[in-house]
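Participant: Just so it is clear, I am handing over run33.pdb, which has PDB, C-alpha atoms and all ligand atoms.
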```
ATOM      1  CA  MET A   1     161.437 146.645  97.410
ATOM      2  CA  LYS A   2     160.239 146.429 100.992
ATOM      3  CA  ARG A   3     156.705 145.901  99.736
ATOM      4  CA  VAL A   4     157.752 142.989  97.556
ATOM      5  CA  VAL A   5     159.486 141.299 100.481
ATOM      6  CA  LEU A   6     156.452 141.866 102.654
ATOM      7  CA  ALA A   7     154.140 140.418 100.030
ATOM      8  CA  ALA A   8     156.417 137.386  99.618
ATOM      9  CA  LEU A   9     156.459 136.898 103.365
ATOM     10  CA  MET A  10     152.663 137.055 103.495
ATOM     11  CA  LEU A  11     152.389 134.481 100.711
ATOM     12  CA  VAL A  12     154.740 132.128 102.544
ATOM     13  CA  LEU A  13     152.803 132.623 105.728
ATOM     14  CA  ILE A  14     149.478 131.879 104.009
ATOM     15  CA  GLN A  15     150.951 128.833 102.305
ATOM     16  CA  PHE A  16     152.176 127.346 105.554
ATOM     17  CA  LEU A  17     149.633 128.633 107.999
ATOM     18  CA  LEU A  18     146.444 127.912 106.098
ATOM     19  CA  PRO A  19     146.870 124.112 105.985
ATOM     20  CA  VAL A  20     147.801 124.153 109.671
ATOM     21  CA  LEU A  21     144.719 126.158 110.475
ATOM     22  CA  LEU A  22     142.533 123.910 108.341
ATOM     23  CA  LEU A  23     143.886 120.753 109.882
ATOM     24  CA  SER A  24     143.461 122.024 113.393
ATOM     25  CA  GLY A  25     139.901 123.017 112.532
ATOM     26  CA  ARG A  26     140.437 126.539 113.722
ATOM     27  CA  VAL A  27     139.425 128.383 110.607
ATOM     28  CA  PRO A  28     137.055 131.006 111.960
ATOM     29  CA  VAL A  29     133.479 130.471 110.838
ATOM     30  CA  ARG A  30     131.488 133.485 109.816
ATOM     31  CA  GLU A  31     128.703 133.804 112.304
ATOM     32  CA  ASP A  32     126.283 135.317 109.858
ATOM     33  CA  ARG A  33     125.950 132.243 107.635
ATOM     34  CA  PRO A  34     122.192 131.592 107.551
ATOM     35  CA  ASP A  35     122.610 127.803 107.780
ATOM     36  CA  ARG A  36     124.523 128.260 111.023
ATOM     37  CA  LEU A  37     121.903 130.496 112.549
ATOM     38  CA  GLN A  38     118.924 128.376 111.484
ATOM     39  CA  PRO A  39     120.104 124.826 110.888
ATOM     40  CA  THR A  40     116.626 123.449 110.106
ATOM     41  CA  VAL A  41     115.552 126.058 107.559
ATOM     42  CA  ARG A  42     116.931 125.469 104.098
ATOM     43  CA  PRO A  43     115.997 127.153 100.878
ATOM     44  CA  GLY A  44     113.479 124.843  99.258
ATOM     45  CA  GLY A  45     112.510 123.367 102.646
ATOM     46  CA  ASP A  46     108.973 122.572 103.753
ATOM     47  CA  GLN A  47     107.903 126.153 104.435
ATOM     48  CA  ALA A  48     108.736 127.196 100.884
ATOM     49  CA  GLN A  49     106.483 124.540  99.329
ATOM     50  CA  THR A  50     102.716 124.642  98.898
ATOM     51  CA  VAL A  51     100.599 121.507  98.833
ATOM     52  CA  VAL A  52      97.305 121.529  96.961
ATOM     53  CA  LEU A  53      95.199 118.974  98.780
ATOM     54  CA  LEU A  54      92.037 117.553  97.211
ATOM     55  CA  GLN A  55      89.057 117.761  99.576
ATOM     56  CA  GLU A  56      86.321 115.138  99.872
ATOM     57  CA  ASP A  57      83.813 117.556  98.290
ATOM     58  CA  GLY A  58      86.052 118.024  95.237
ATOM     59  CA  GLY A  59      87.401 121.414  96.364
ATOM     60  CA  VAL A  60      91.059 122.063  97.132
ATOM     61  CA  GLU A  61      92.933 123.335 100.172
ATOM     62  CA  ARG A  62      96.339 125.019  99.958
ATOM     63  CA  LEU A  63      98.714 124.527 102.856
ATOM     64  CA  SER A  64     102.434 124.600 103.507
ATOM     65  CA  LEU A  65     104.259 121.304 103.061
ATOM     66  CA  ALA A  66     105.166 121.417 106.780
ATOM     67  CA  GLU A  67     101.523 121.653 107.814
ATOM     68  CA  TYR A  68     100.486 118.955 105.334
ATOM     69  CA  LEU A  69     103.173 116.581 106.621
ATOM     70  CA  ARG A  70     102.152 117.117 110.254
ATOM     71  CA  GLY A  71      98.637 116.106 109.215
ATOM     72  CA  VAL A  72      99.822 113.032 107.294
ATOM     73  CA  VAL A  73     102.086 111.754 110.085
ATOM     74  CA  ALA A  74      99.257 112.323 112.607
ATOM     75  CA  ALA A  75      96.814 110.362 110.437
ATOM     76  CA  GLU A  76      99.149 107.602 109.266
ATOM     77  CA  MET A  77     101.203 106.625 112.336
ATOM     78  CA  PRO A  78     100.439 106.341 116.064
ATOM     79  CA  ALA A  79     101.907 109.500 117.660
ATOM     80  CA  SER A  80     103.166 107.390 120.575
ATOM     81  CA  PHE A  81     105.755 105.809 118.254
ATOM     82  CA  GLU A  82     109.495 106.478 118.659
ATOM     83  CA  LEU A  83     110.661 109.854 117.335
ATOM     84  CA  GLU A  84     112.975 108.234 114.733
ATOM     85  CA  ALA A  85     110.055 106.170 113.388
ATOM     86  CA  LEU A  86     107.948 109.339 113.126
ATOM     87  CA  LYS A  87     110.831 111.025 111.303
ATOM     88  CA  ALA A  88     111.100 108.110 108.857
ATOM     89  CA  GLN A  89     107.342 108.443 108.303
ATOM     90  CA  ALA A  90     107.706 112.203 107.684
ATOM     91  CA  VAL A  91     110.403 111.590 105.041
ATOM     92  CA  ALA A  92     108.325 108.825 103.408
ATOM     93  CA  ALA A  93     105.242 111.089 103.337
ATOM     94  CA  ARG A  94     107.253 114.034 101.913
ATOM     95  CA  THR A  95     108.784 111.781  99.254
ATOM     96  CA  TYR A  96     105.383 110.343  98.411
ATOM     97  CA  TRP A  97     104.021 113.866  97.845
ATOM     98  CA  VAL A  98     107.007 114.869  95.681
ATOM     99  CA  ALA A  99     106.602 111.787  93.474
ATOM    100  CA  ALA A 100     102.786 111.873  93.280
ATOM    101  CA  ARG A 101     102.442 115.623  92.720
ATOM    102  CA  GLY A 102     100.222 116.538  89.794
ATOM    103  CA  ASP A 103      99.798 112.951  88.673
ATOM    104  CA  LYS A 104      96.227 111.834  89.040
ATOM    105  CA  HIS A 105      94.398 114.639  90.864
ATOM    106  CA  ALA A 106      95.386 117.705  88.783
ATOM    107  CA  PRO A 107      95.001 120.568  89.497
ATOM    108  CA  ALA A 108      95.322 119.181  93.069
ATOM    109  CA  ASP A 109      98.598 117.472  94.020
ATOM    110  CA  ILE A 110      97.290 114.697  96.168
ATOM    111  CA  CYS A 111      94.228 113.465  98.086
ATOM    112  CA  GLY A 112      93.742 112.569 101.741
ATOM    113  CA  ASP A 113      92.450 109.029 101.194
ATOM    114  CA  SER A 114      94.831 106.364 102.512
ATOM    115  CA  GLY A 115      93.504 103.865  99.958
ATOM    116  CA  CYS A 116      94.517 106.187  97.103
ATOM    117  CA  CYS A 117      97.326 108.554  98.210
ATOM    118  CA  GLN A 118      97.983 109.076 101.926
ATOM    119  CA  ALA A 119      95.711 109.904 104.849
ATOM    120  CA  TYR A 120      95.636 113.461 106.219
ATOM    121  CA  CYS A 121      93.924 114.952 109.252
ATOM    122  CA  SER A 122      93.767 118.609 110.310
ATOM    123  CA  SER A 123      95.423 119.719 113.541
ATOM    124  CA  LYS A 124      91.939 120.044 115.074
ATOM    125  CA  GLU A 125      90.958 116.478 114.143
ATOM    126  CA  ALA A 126      94.286 115.188 115.454
ATOM    127  CA  ALA A 127      93.873 117.031 118.778
ATOM    128  CA  GLU A 128      90.381 115.568 119.199
ATOM    129  CA  LYS A 129      91.728 112.079 118.545
ATOM    130  CA  TRP A 130      94.552 112.494 121.082
ATOM    131  CA  GLY A 131      92.528 114.070 123.906
ATOM    132  CA  GLU A 132      94.696 114.887 126.916
ATOM    133  CA  LYS A 133      97.859 113.861 125.034
ATOM    134  CA  ALA A 134      97.162 116.429 122.306
ATOM    135  CA  ARG A 135      99.845 118.895 123.313
ATOM    136  CA  GLU A 136     102.596 116.308 123.737
ATOM    137  CA  TYR A 137     101.761 114.521 120.475
ATOM    138  CA  THR A 138     101.368 117.744 118.475
ATOM    139  CA  GLU A 139     104.865 118.815 119.552
ATOM    140  CA  ARG A 140     106.301 115.388 118.885
ATOM    141  CA  ILE A 141     105.008 115.230 115.343
ATOM    142  CA  ALA A 142     106.025 118.844 114.634
ATOM    143  CA  ARG A 143     109.526 117.858 115.749
ATOM    144  CA  ALA A 144     109.577 114.825 113.430
ATOM    145  CA  VAL A 145     108.691 117.082 110.486
ATOM    146  CA  THR A 146     111.066 119.948 111.426
ATOM    147  CA  GLU A 147     114.046 117.680 112.077
ATOM    148  CA  THR A 148     113.684 116.151 108.608
ATOM    149  CA  ASN A 149     112.912 119.477 106.915
ATOM    150  CA  GLY A 150     113.141 119.132 103.128
ATOM    151  CA  LEU A 151     114.564 115.598 103.176
ATOM    152  CA  ILE A 152     113.327 112.952 100.760
ATOM    153  CA  ALA A 153     114.381 109.442  99.719
ATOM    154  CA  LEU A 154     116.041 109.113  96.308
ATOM    155  CA  TYR A 155     117.014 106.173  94.141
ATOM    156  CA  GLU A 156     119.444 107.029  91.347
ATOM    157  CA  ASP A 157     118.721 110.709  92.048
ATOM    158  CA  ARG A 158     114.974 110.348  91.579
ATOM    159  CA  PRO A 159     112.334 110.567  94.337
ATOM    160  CA  ILE A 160     111.116 107.050  95.082
ATOM    161  CA  GLN A 161     107.567 105.722  95.331
ATOM    162  CA  ALA A 162     107.698 105.746  99.114
ATOM    163  CA  VAL A 163     104.919 103.263  99.810
ATOM    164  CA  TYR A 164     104.336 102.042 103.340
ATOM    165  CA  PHE A 165     101.916  99.912 105.332
ATOM    166  CA  SER A 166     101.085  99.017 108.924
ATOM    167  CA  SER A 167     102.766  95.708 109.834
ATOM    168  CA  ALA A 168     104.549  92.825 108.112
ATOM    169  CA  SER A 169     104.353  89.092 108.743
ATOM    170  CA  GLY A 170     108.113  88.750 109.300
ATOM    171  CA  SER A 171     109.255  90.184 105.951
ATOM    172  CA  THR A 172     108.045  92.803 103.535
ATOM    173  CA  VAL A 173     106.844  91.767 100.081
ATOM    174  CA  ASP A 174     108.407  92.373  96.638
ATOM    175  CA  ALA A 175     106.463  95.012  94.701
ATOM    176  CA  VAL A 176     106.333  92.611  91.754
ATOM    177  CA  ALA A 177     104.339  90.080  93.811
ATOM    178  CA  VAL A 178     101.652  92.642  94.652
ATOM    179  CA  TRP A 179     101.513  95.048  91.727
ATOM    180  CA  GLY A 180     103.039  92.965  88.960
ATOM    181  CA  SER A 181     106.045  95.179  88.151
ATOM    182  CA  ALA A 182     109.462  95.006  89.784
ATOM    183  CA  VAL A 183     110.859  98.106  91.519
ATOM    184  CA  PRO A 184     114.552  97.821  92.484
ATOM    185  CA  TYR A 185     114.186  99.462  95.908
ATOM    186  CA  LEU A 186     110.872  97.722  96.793
ATOM    187  CA  VAL A 187     112.145  94.223  97.462
ATOM    188  CA  SER A 188     111.469  91.862 100.349
ATOM    189  CA  VAL A 189     113.449  92.533 103.539
ATOM    190  CA  ALA A 190     113.129  91.167 107.086
ATOM    191  CA  SER A 191     110.889  93.206 109.383
ATOM    192  CA  PRO A 192     111.294  92.848 113.144
ATOM    193  CA  GLU A 193     107.764  93.458 114.502
ATOM    194  CA  GLY A 194     105.586  90.659 115.847
ATOM    195  CA  GLU A 195     103.127  89.759 118.573
ATOM    196  CA  GLU A 196     103.396  93.234 120.183
ATOM    197  CA  VAL A 197     101.437  94.673 117.246
ATOM    198  CA  PRO A 198      97.692  94.916 118.030
ATOM    199  CA  ASN A 199      95.775  92.317 115.964
ATOM    200  CA  TRP A 200      98.984  91.155 114.303
ATOM    201  CA  ARG A 201      97.293  87.769 113.924
ATOM    202  CA  SER A 202      93.629  87.928 113.135
ATOM    203  CA  GLU A 203      90.801  85.751 111.941
ATOM    204  CA  MET A 204      87.979  86.424 109.534
ATOM    205  CA  THR A 205      85.004  84.156 108.963
ATOM    206  CA  VAL A 206      82.864  84.271 105.847
ATOM    207  CA  THR A 207      79.989  81.950 104.989
ATOM    208  CA  THR A 208      80.510  79.777 101.923
ATOM    209  CA  ALA A 209      77.447  81.395 100.303
ATOM    210  CA  ARG A 210      78.804  84.919 100.801
ATOM    211  CA  PHE A 211      82.257  83.859  99.609
ATOM    212  CA  LYS A 212      80.818  82.441  96.386
ATOM    213  CA  GLU A 213      78.801  85.631  95.873
ATOM    214  CA  LEU A 214      81.822  87.919  96.386
ATOM    215  CA  VAL A 215      84.056  85.960  94.016
ATOM    216  CA  THR A 216      81.526  85.377  91.222
ATOM    217  CA  ALA A 217      80.498  89.065  91.247
ATOM    218  CA  GLN A 218      83.986  89.824  89.939
ATOM    219  CA  TYR A 219      84.967  86.517  88.386
ATOM    220  CA  PRO A 220      81.793  84.948  86.941
ATOM    221  CA  GLU A 221      83.847  82.098  85.457
ATOM    222  CA  ALA A 222      84.789  80.807  88.934
ATOM    223  CA  ASP A 223      83.542  77.256  89.468
ATOM    224  CA  PHE A 224      82.475  76.184  92.967
ATOM    225  CA  SER A 225      80.954  72.804  92.093
ATOM    226  CA  GLY A 226      83.716  70.862  93.894
ATOM    227  CA  PRO A 227      84.155  70.285  97.642
ATOM    228  CA  VAL A 228      84.599  73.433  99.757
ATOM    229  CA  ASN A 229      88.079  72.471 100.917
ATOM    230  CA  ARG A 230      89.231  72.594  97.250
ATOM    231  CA  TRP A 231      87.738  76.018  96.480
ATOM    232  CA  LEU A 232      91.100  77.630  97.155
ATOM    233  CA  SER A 233      93.971  75.569  95.752
ATOM    234  CA  ASP A 234      97.441  75.650  94.177
ATOM    235  CA  PHE A 235      98.834  78.177  96.661
ATOM    236  CA  GLU A 236     102.157  79.864  95.900
ATOM    237  CA  TRP A 237     103.812  81.750  98.735
ATOM    238  CA  GLN A 238     106.463  84.414  99.242
ATOM    239  CA  PRO A 239     109.103  83.462 101.848
ATOM    240  CA  SER A 240     107.239  85.737 104.332
ATOM    241  CA  GLY A 241     104.154  83.522 104.096
ATOM    242  CA  THR A 242     102.354  86.049 101.908
ATOM    243  CA  VAL A 243     100.291  84.375  99.202
ATOM    244  CA  SER A 244     101.594  85.343  95.772
ATOM    245  CA  ARG A 245      99.153  83.251  93.748
ATOM    246  CA  VAL A 246      96.172  81.023  94.460
ATOM    247  CA  LYS A 247      93.383  79.461  92.408
ATOM    248  CA  VAL A 248      89.918  80.468  93.601
ATOM    249  CA  GLY A 249      87.212  78.354  91.989
ATOM    250  CA  GLY A 250      89.819  77.545  89.349
ATOM    251  CA  VAL A 251      90.572  81.258  88.625
ATOM    252  CA  GLU A 252      94.170  82.260  89.273
ATOM    253  CA  LEU A 253      94.407  85.348  91.486
ATOM    254  CA  THR A 254      97.207  87.130  93.344
ATOM    255  CA  GLY A 255      97.160  87.144  97.135
ATOM    256  CA  GLY A 256      96.578  90.905  96.932
ATOM    257  CA  GLN A 257      93.464  90.405  94.798
ATOM    258  CA  VAL A 258      92.044  87.920  97.320
ATOM    259  CA  ARG A 259      92.847  90.350 100.118
ATOM    260  CA  LYS A 260      90.956  93.151  98.369
ATOM    261  CA  LEU A 261      88.033  90.955  97.391
ATOM    262  CA  LEU A 262      87.404  89.725 100.934
ATOM    263  CA  GLY A 263      88.713  92.710 102.896
ATOM    264  CA  LEU A 264      91.413  90.627 104.599
ATOM    265  CA  ARG A 265      93.930  92.534 106.723
ATOM    266  CA  SER A 266      96.826  91.179 104.641
ATOM    267  CA  ALA A 267      97.700  88.757 101.856
ATOM    268  CA  CYS A 268      99.593  86.607 104.368
ATOM    269  CA  PHE A 269      96.743  84.203 104.977
ATOM    270  CA  SER A 270      95.728  80.603 105.347
ATOM    271  CA  VAL A 271      92.203  79.264 105.078
ATOM    272  CA  GLY A 272      90.204  76.348 106.476
ATOM    273  CA  ALA A 273      86.643  75.123 105.931
ATOM    274  CA  GLU A 274      84.507  74.771 109.058
ATOM    275  CA  GLY A 275      80.915  73.663 108.423
ATOM    276  CA  ASP A 276      79.269  76.362 106.313
ATOM    277  CA  ASP A 277      82.104  78.778 106.894
ATOM    278  CA  LEU A 278      85.525  79.584 105.506
ATOM    279  CA  VAL A 279      87.904  80.806 108.198
ATOM    280  CA  PHE A 280      90.850  82.982 107.122
ATOM    281  CA  GLN A 281      93.823  83.471 109.450
ATOM    282  CA  THR A 282      95.960  86.489 108.578
ATOM    283  CA  THR A 283      99.223  87.934 109.881
ATOM    284  CA  GLY A 284     100.217  91.604 109.569
ATOM    285  CA  TYR A 285      98.201  94.463 108.137
ATOM    286  CA  GLY A 286      98.446  96.197 104.769
ATOM    287  CA  HIS A 287      99.847  95.484 101.299
ATOM    288  CA  GLY A 288     103.281  94.569 102.663
ATOM    289  CA  VAL A 289     105.374  96.617 100.194
ATOM    290  CA  GLY A 290     107.971  99.226 101.282
ATOM    291  CA  MET A 291     108.210 100.521 104.849
ATOM    292  CA  SER A 292     106.422  98.727 107.656
ATOM    293  CA  GLN A 293     105.329 101.327 110.225
ATOM    294  CA  TYR A 294     105.389  98.954 113.202
ATOM    295  CA  GLY A 295     108.697  97.618 111.878
ATOM    296  CA  ALA A 296     110.064 101.180 111.751
ATOM    297  CA  ASN A 297     109.061 101.590 115.394
ATOM    298  CA  ALA A 298     110.727  98.295 116.342
ATOM    299  CA  LEU A 299     113.944  99.348 114.547
ATOM    300  CA  ALA A 300     113.861 102.755 116.297
ATOM    301  CA  LYS A 301     113.576 100.929 119.632
ATOM    302  CA  GLN A 302     116.745  99.024 118.673
ATOM    303  CA  GLY A 303     118.486 102.407 118.302
ATOM    304  CA  LYS A 304     118.294 102.890 114.531
ATOM    305  CA  ASP A 305     117.816 106.450 113.287
ATOM    306  CA  PHE A 306     115.404 107.544 110.553
ATOM    307  CA  ARG A 307     118.003 107.293 107.781
ATOM    308  CA  GLU A 308     118.843 103.723 108.769
ATOM    309  CA  ILE A 309     115.146 102.844 108.967
ATOM    310  CA  LEU A 310     114.484 104.277 105.495
ATOM    311  CA  SER A 311     117.406 102.480 103.888
ATOM    312  CA  TRP A 312     116.371  99.276 105.677
ATOM    313  CA  TYR A 313     112.985  99.250 103.955
ATOM    314  CA  TYR A 314     113.831 101.038 100.693
ATOM    315  CA  THR A 315     116.844  99.126  99.403
ATOM    316  CA  GLY A 316     119.695 101.255  98.023
ATOM    317  CA  VAL A 317     118.123 104.697  98.557
ATOM    318  CA  GLN A 318     119.783 107.934  99.663
ATOM    319  CA  VAL A 319     118.170 110.494 101.945
ATOM    320  CA  ALA A 320     118.863 114.006 100.642
ATOM    321  CA  PRO A 321     117.255 117.462 100.424
ATOM    322  CA  MET A 322     114.627 117.829  97.714
ATOM    323  CA  LYS A 323     115.527 120.122  94.848
TER
HETATM  324 ZN    ZN A 401      94.676 110.171  95.752
END
```
Once you've parsed the file, please lay out its structure as structure tokens.
Ligand SMILES: [Zn+2]
Facilitator:
Amino acid sequence: MKRVVLAALMLVLIQFLLPVLLLSGRVPVREDRPDRLQPTVRPGGDQAQTVVLLQEDGGVERLSLAEYLRGVVAAEMPASFELEALKAQAVAARTYWVAARGDKHAPADICGDSGCCQAYCSSKEAAEKWGEKAREYTERIARAVTETNGLIALYEDRPIQAVYFSSASGSTVDAVAVWGSAVPYLVSVASPEGEEVPNWRSEMTVTTARFKELVTAQYPEADFSGPVNRWLSDFEWQPSGTVSRVKVGGVELTGGQVRKLLGLRSACFSVGAEGDDLVFQTTGYGHGVGMSQYGANALAKQGKDFREILSWYYTGVQVAPMK
């Protein structure tokens, strides 16, 4: 009988005491929980993943995801950038790898060409580039990767196409305007960088003869019989000033196609005829879709953290551990 009373007492105690303990936050935490001891190492984190990187000679190199990401961040973003911008870059690069894996370079996952996948440089190449800052920058980038260990950007639970570029002309560009298909999280948003970006505004001069040659090599039907100042006509612009469509010698092209054809720094351009030359003025650098790297740095300077930066540029995404 005594035992029954004791048990009842214990039950009452648990019933009343447990909520009190929970509310006061004093429930003792077991010290041996691995996530308490090593907060940055999660199962399935960067160290547990292997990247198969395509080499320039066609061979492959295997490296841990952590090492690969350090090399991508070093190659893709100035190491002097704010830590939160570097962390946003690390998450974008990790997400890009997750989504691209095994797609076009099988049996390799990805290549190190920035025009195709994303740039990569070895720790040795990075150190050479940084010179006396090598130690500081190496640590900084390692921190950006470690502090975002295993995190990727998801839209409706799927890894996104985490595309990024150098600098915007005031706003980013809708994916549909550049690549022809709409992506719900790759839509135009304001981007705060400006004149502080090196060569944010730039000029490129091409002779009329060379221009004609470049265009007709790809579009033989282009007609340049009219006056030079009508060679490019019927411009359509995005709100950012990026050219969405333009007729070149009567052939309708996207701004991105003109950019590629002439090697312009961006598709945010205007053009004028000066004597035998065409002079293109551009603003920003890159395709303009997704995260602007200089914009990420500007947002970090305003006090935004990497999660805020990522959801600024990739509309409606969540940042979560990869599975
Ligand atoms: Zn590639």
Participant: For segment 130-147 of chain A, list every protein, DNA or RNA residue within 9 Å, evaluated using only C-alpha atoms, and leave out those in the same chain fewer than 2 positions away; present the list as a PDB file with C-alpha atoms, in the frame of the given file.
Facilitator:
```pdb
ATOM      1  CA  THR A  40     116.626 123.449 110.106  1.00  0.00           C
ATOM      2  CA  VAL A  41     115.552 126.058 107.559  1.00  0.00           C
ATOM      3  CA  ASP A  46     108.973 122.572 103.753  1.00  0.00           C
ATOM      4  CA  ALA A  66     105.166 121.417 106.780  1.00  0.00           C
ATOM      5  CA  GLU A  67     101.523 121.653 107.814  1.00  0.00           C
ATOM      6  CA  LEU A  69     103.173 116.581 106.621  1.00  0.00           C
ATOM      7  CA  ARG A  70     102.152 117.117 110.254  1.00  0.00           C
ATOM      8  CA  GLY A  71      98.637 116.106 109.215  1.00  0.00           C
ATOM      9  CA  VAL A  73     102.086 111.754 110.085  1.00  0.00           C
ATOM     10  CA  ALA A  74      99.257 112.323 112.607  1.00  0.00           C
ATOM     11  CA  ALA A  79     101.907 109.500 117.660  1.00  0.00           C
ATOM     12  CA  SER A  80     103.166 107.390 120.575  1.00  0.00           C
ATOM     13  CA  LEU A  83     110.661 109.854 117.335  1.00  0.00           C
ATOM     14  CA  GLU A  84     112.975 108.234 114.733  1.00  0.00           C
ATOM     15  CA  ALA A  85     110.055 106.170 113.388  1.00  0.00           C
ATOM     16  CA  LEU A  86     107.948 109.339 113.126  1.00  0.00           C
ATOM     17  CA  LYS A  87     110.831 111.025 111.303  1.00  0.00           C
ATOM     18  CA  ALA A  88     111.100 108.110 108.857  1.00  0.00           C
ATOM     19  CA  GLN A  89     107.342 108.443 108.303  1.00  0.00           C
ATOM     20  CA  ALA A  90     107.706 112.203 107.684  1.00  0.00           C
ATOM     21  CA  VAL A  91     110.403 111.590 105.041  1.00  0.00           C
ATOM     22  CA  SER A 123      95.423 119.719 113.541  1.00  0.00           C
ATOM     23  CA  GLU A 125      90.958 116.478 114.143  1.00  0.00           C
ATOM     24  CA  ALA A 126      94.286 115.188 115.454  1.00  0.00           C
ATOM     25  CA  ALA A 127      93.873 117.031 118.778  1.00  0.00           C
ATOM     26  CA  GLU A 128      90.381 115.568 119.199  1.00  0.00           C
ATOM     27  CA  ASN A 149     112.912 119.477 106.915  1.00  0.00           C
ATOM     28  CA  GLY A 150     113.141 119.132 103.128  1.00  0.00           C
TER      29      GLY A 150
END
```
Participant: Ranking A:Lys212, A:Arg101, A:Lys247, A:Arg158 by minimum distance to ligand ZN 401 (chain A) and counting only C-alpha atoms and all ligand atoms, which one comes first?
Facilitator: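 Of A:Lys212, A:Arg101, A:Lys247, A:Arg158, the one nearest ligand ZN 401 (chain A) is A:Arg101, counting only C-alpha atoms and all ligand atoms.
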Participant: Can you work out which one of A:Arg201, A:Leu151, A:Thr207, A:Tyr68 has the shortest atom-to-atom distance to Glu274 of chain A, counting all atoms listed in the file?
Facilitator: A:Thr207
Participant: So the first atom is atom CA of Met204 of chain A and the second is atom CA of Asp276 of chain A; what is the distance between them in Å, to one decimal place?
Facilitator: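 For atom CA of Met204 of chain A relative to atom CA of Asp276 of chain A, the distance reads 13.7 Å.
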Participant: Using all atoms listed in the file, what are the residues with an atom within 12 Å of ligand ZN 401 (chain A), set out as a ChimeraX atom specification?
Facilitator: /A:52-56,58,96-97,100-106,108-120
Participant: Excluding segment 165-167 of chain A and any residue of its chain fewer than 2 positions from it, enumerate the residues within 8 Å of it, using all atoms listed in the file, and give them as an MDAnalysis selection string.
Facilitator: chainID A and resid 163 169 193 197 200 284:295
Participant: Evaluate the PyMOL selection byres (((chain A and resi 310-323) around 8) and not hetatm) on the structure here and hand back the selected residues as a PyMOL selection string.
Facilitator: chain A and resi 44-45+88+92+150-156+162+184-187+189+290-292+306-309
Participant: Identify which of the residues A:Ala209, A:Val60, A:Leu65, A:Trp231 lies closest to Ala48 of chain A, counting all atoms listed in the file when measuring atom-to-atom distances.
Facilitator: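 Between A:Ala209, A:Val60, A:Leu65, A:Trp231, the residue approaching Ala48 of chain A most closely is A:Leu65.
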Participant: Find the distance between atom CA of Gln218 of chain A and atom CA of Tyr164 of chain A and write it in Å to one decimal.
Facilitator: 27.3 Å
